[in-house]
Protein chains: 2
Amino acid sequence: MQNFDYCTPTRLIFGEGVVEKLPEVMKSYGHKILLTYGGGSIKKLGLYDKVKDLLSDFEIVELAGIQPNPKYDPSVLEGVKLCKENDVDVILSVGGGSVLDCSKAIAAGAKYDGDPWDLISYKVKAQAALPIVDIITLAATGSEYDCGGVISRTETNDKIGYVDPLLYPAVSFLDPTYTFTVSKKQTAAGCADAMNHIMEQYFCEDSTLLNDAFMEGALKSLMINAKKCLENPEDYKARAEMMLDCTYGCNGIYALGNSESGWPCHGMEHALSAYYDITHGEGLAIITPRWMKHILNEKTVDRFVKYGVNVFGIDASLDAFDIANKAIDETYKFFESINIPMHLKDVGIDESRIDEMAHHVAINEGLEEAWAPLTEKDIADIFKASL
Amino acid sequence: MQNFDYCTPTRLIFGEGVVEKLPEVMKSYGHKILLTYGGGSIKKLGLYDKVKDLLSDFEIVELAGIQPNPKYDPSVLEGVKLCKENDVDVILSVGGGSVLDCSKAIAAGAKYDGDPWDLISYKVKAQAALPIVDIITLAATGSEYDCGGVISRTETNDKIGYVDPLLYPAVSFLDPTYTFTVSKKQTAAGCADAMNHIMEQYFCEDSTLLNDAFMEGALKSLMINAKKCLENPEDYKARAEMMLDCTYGCNGIYALGNSESGWPCHGMEHALSAYYDITHGEGLAIITPRWMKHILNEKTVDRFVKYGVNVFGIDASLDAFDIANKAIDETYKFFESINIPMHLKDVGIDESRIDEMAHHVAINEGLEEAWAPLTEKDIADIFKASL
């Protein structure tokens, strides 16, 4: 077991109707709010009007149109400018993980005099950040309970995970009913995203009995509940369980004391969505089983055996490699069963830029240090196997 | 799934040698420290000298001799007096859960002008508390990651769980090597205490797939790791895993969104240790299987089936009541196997005060509202079955 230093100070307010507490919560952070959101789904949901109504006593500036795979230019830059010009006290992020990720970068940028990219690219360490409150409307990224965000810079094909303990949301509101209208495509992609967050932590050298049980339970819960959500989008309990399973995804609690894994699938997928702007969860689902097949060997097989037996109920008396291969097949089949496109060509990616992406990943993501080390050639091979 | 509002702001610094960070941590809370500890085991461990050495630049006042089942008089009262007289900035609790529980009551009392019992008995709501830092030396109560403490008042046989979000430790240091010298008796009692914390949350009406997996995993981990710790007290990984399993015990994260259970075994055990000052974990281990047998019925049986199949691997194809009864027997046998005295008479309790204790529990603990409601007669029957 590895030493660790862990603190997640975020307050989770969870359940149907909890948004009524919003005014009371916001009051403790100030009067001037930057309200951030995406493409308008919160308007269809009635949540935009609800929030404006609840916060009628506050001064609100808005940043709309934050895209999936949120962009440094214009979203982060515009948000920072709005905060500075309006002397904003607190950011209220309403939407999915992309809106919240973008809001985190804005929160840090708003308290920094230079170019916000200095912070995101880790040239300069942030000294302060605006407090963030969020209302999450998609079960997927876990951004509501972690201190990181992923920001894309189009002109350089950079997609950077920006992490700083200053960026934990102060308060996250999670009302599962807001996810009732999430499309089947996004429900499935959210499930794949959350499952991959867990797998990235599960596949490592040194874990504990408790962490393994926690993660295996979360994977099973995600698979069962995502299917229920797809069958009946208004199944409250299924939406609620899926929401909380996702929430724990990236703040480290699934794997306290575990050794580093390197998050290889995220490293590779970030290139795919930086170059092609695909849906992150779909990219992960496509890559994951190919990565598994690629790294399966004498050194890694035991971990796949545990995964196969405990997550998919594969007969423990079989040969280790048979269990591992069955487990990988089951992983693939599950993603396929929730209608995720399982080939890169299905999401518009052909072989033309694979070598370029593999090179980008190899020099930026440090995957030679991962649990199962990956060279540039390994990465290119995994991309090719995913076509 | 139930609505919830959850936040555990405590920072956990975990692993061998982490205590070196103590000066840096304490500095952020002030200069004048109340150092609280128990009967001297931290001196044998060398931890007392280590702490004094690390904190040689600070001003330290000491409160020693805090007992298991910590007492309002003298410990809480003396601690509050020391804080007020010396204008203490921060409390440093070094020891097990009893020292930390006592320190929490002191932290609240130090910021209150009246009789601290007003706070503990919930007559008055605390408005502030001193910050608490702790170094935990026993894997058991989980006090290092929750905002509660249990305080005994001898003259009235009161043993009260005092809970307030102000009382989360600011920082908890957990170094598993400090538990290498914990006796076999206390290692076993700590395991039973932590297991019961989980069972108290597990046995309820409404849970989730993830919570169940998390708790079942924790129970299995505690059983496996406690046995390893008893066989080889210096097994670092086993001590470390047991320590973290215990840490999650009482802060709610094992059961976010679950319905209330009523914590019946704690309600009953508090009377036993208030009247007889027995070891809390032993009292819980004695009561738990008798409580289980007593409440097993058509309404509760399914929960015992899940427990039996997932925690003890009992054949799921058997009759439900057979599985449940086997699960209860396994629970009993596990406690027996780690040499916990399994009868009240083994810990010096006879039938003479059972009715009095049952009456005390019935009027103070609200167990008629528990998942499986308990009347005064039920409580007396469980005590009698435990003799």
# chains A, B, ... in the order shown; residues from 1 in each chain; ligands from 1
>>> interface_residues(of="chain A", to="chain B", cutoff="10 Å", atoms="only C-alpha atoms", output="VMD selection string")
chain A and resid 1 to 18 170 to 175 207 to 222 224 to 225 236 to 238 240 to 242 244 to 245 254 256 to 257
>>> residues_around(residues="range 143-147 of chain B", least_positions_apart="3", cutoff="6 Å", atoms="only C-alpha atoms", output="ChimeraX atom specification")
/B:97,163-165,167-168,172,247,250-251
>>> write_last_selection(atoms="N, CA, C and O atoms", output="PDB file, in the first residue's frame")
ATOM      1  N   GLY B  97      -9.333   6.141  19.316  1.00  0.00           N
ATOM      2  CA  GLY B  97     -10.590   6.846  19.140  1.00  0.00           C
ATOM      3  C   GLY B  97     -11.108   7.513  20.399  1.00  0.00           C
ATOM      4  O   GLY B  97     -11.760   8.564  20.328  1.00  0.00           O
ATOM      5  N   VAL B 163     -22.454  14.520  18.009  1.00  0.00           N
ATOM      6  CA  VAL B 163     -22.124  14.686  16.590  1.00  0.00           C
ATOM      7  C   VAL B 163     -22.370  16.133  16.162  1.00  0.00           C
ATOM      8  O   VAL B 163     -23.439  16.681  16.448  1.00  0.00           O
ATOM      9  N   ASP B 164     -21.394  16.734  15.504  1.00  0.00           N
ATOM     10  CA  ASP B 164     -21.571  18.089  14.978  1.00  0.00           C
ATOM     11  C   ASP B 164     -20.565  18.291  13.841  1.00  0.00           C
ATOM     12  O   ASP B 164     -19.371  18.020  14.033  1.00  0.00           O
ATOM     13  N   PRO B 165     -21.020  18.774  12.678  1.00  0.00           N
ATOM     14  CA  PRO B 165     -20.082  18.974  11.559  1.00  0.00           C
ATOM     15  C   PRO B 165     -18.887  19.864  11.898  1.00  0.00           C
ATOM     16  O   PRO B 165     -17.871  19.822  11.209  1.00  0.00           O
ATOM     17  N   LEU B 167     -16.959  19.332  14.142  1.00  0.00           N
ATOM     18  CA  LEU B 167     -15.966  18.497  14.828  1.00  0.00           C
ATOM     19  C   LEU B 167     -15.173  17.561  13.918  1.00  0.00           C
ATOM     20  O   LEU B 167     -14.436  16.703  14.406  1.00  0.00           O
ATOM     21  N   TYR B 168     -15.307  17.718  12.604  1.00  0.00           N
ATOM     22  CA  TYR B 168     -14.413  16.947  11.724  1.00  0.00           C
ATOM     23  C   TYR B 168     -12.978  17.342  12.029  1.00  0.00           C
ATOM     24  O   TYR B 168     -12.660  18.533  12.071  1.00  0.00           O
ATOM     25  N   SER B 172      -5.968  14.309   9.751  1.00  0.00           N
ATOM     26  CA  SER B 172      -5.711  13.054  10.462  1.00  0.00           C
ATOM     27  C   SER B 172      -4.471  12.390   9.883  1.00  0.00           C
ATOM     28  O   SER B 172      -4.402  12.146   8.675  1.00  0.00           O
ATOM     29  N   THR B 247     -11.284   3.536   8.959  1.00  0.00           N
ATOM     30  CA  THR B 247     -11.392   4.996   8.824  1.00  0.00           C
ATOM     31  C   THR B 247     -12.719   5.435   8.215  1.00  0.00           C
ATOM     32  O   THR B 247     -13.295   6.447   8.596  1.00  0.00           O
ATOM     33  N   CYS B 250     -17.600   5.582  10.141  1.00  0.00           N
ATOM     34  CA  CYS B 250     -18.733   6.347  10.675  1.00  0.00           C
ATOM     35  C   CYS B 250     -18.989   7.672   9.983  1.00  0.00           C
ATOM     36  O   CYS B 250     -19.722   8.505  10.524  1.00  0.00           O
ATOM     37  N   ASN B 251     -18.370   7.936   8.860  1.00  0.00           N
ATOM     38  CA  ASN B 251     -18.614   9.264   8.276  1.00  0.00           C
ATOM     39  C   ASN B 251     -19.701   9.234   7.209  1.00  0.00           C
ATOM     40  O   ASN B 251     -19.963  10.241   6.567  1.00  0.00           O
TER      41      ASN B 251
END
>>> select_by_dssp(residues="range 69-122 of chain B", states="strand (DSSP E or B)", output="MDAnalysis selection string")
chainID B and resid 71 90:95
>>> residues_around(residues="Gly38 in chain B", least_positions_apart="2", cutoff="7 Å", atoms="only C-alpha atoms", output="list in words")
Gly40, Ala64, Gly65, Ile66, Gln67, Gly95 and Val99 of chain B
>>> select_by_dssp(residues="range 261-321 of chain B", states="alpha helix (DSSP H)", output="PyMOL selection string")
chain B and resi 264-276+280-295+301-312+320-321
>>> residues_around(residues="Val94 in chain B", least_positions_apart="5", cutoff="6 Å", atoms="only C-alpha atoms", output="list in words")
Tyr37, Asp134 and Ile135 of chain B
>>> residues_around(residues="Glu155 in chain B", least_positions_apart="2", cutoff="10 Å", atoms="only C-alpha atoms", output="MDAnalysis selection string")
chainID B and resid 73 152:153 157:158 274:275
>>> residues_around(residues="range 312-326 of chain A", least_positions_apart="5", cutoff="7 Å", atoms="only C-alpha atoms", output="number ranges by chain")
A: 301, 304-305
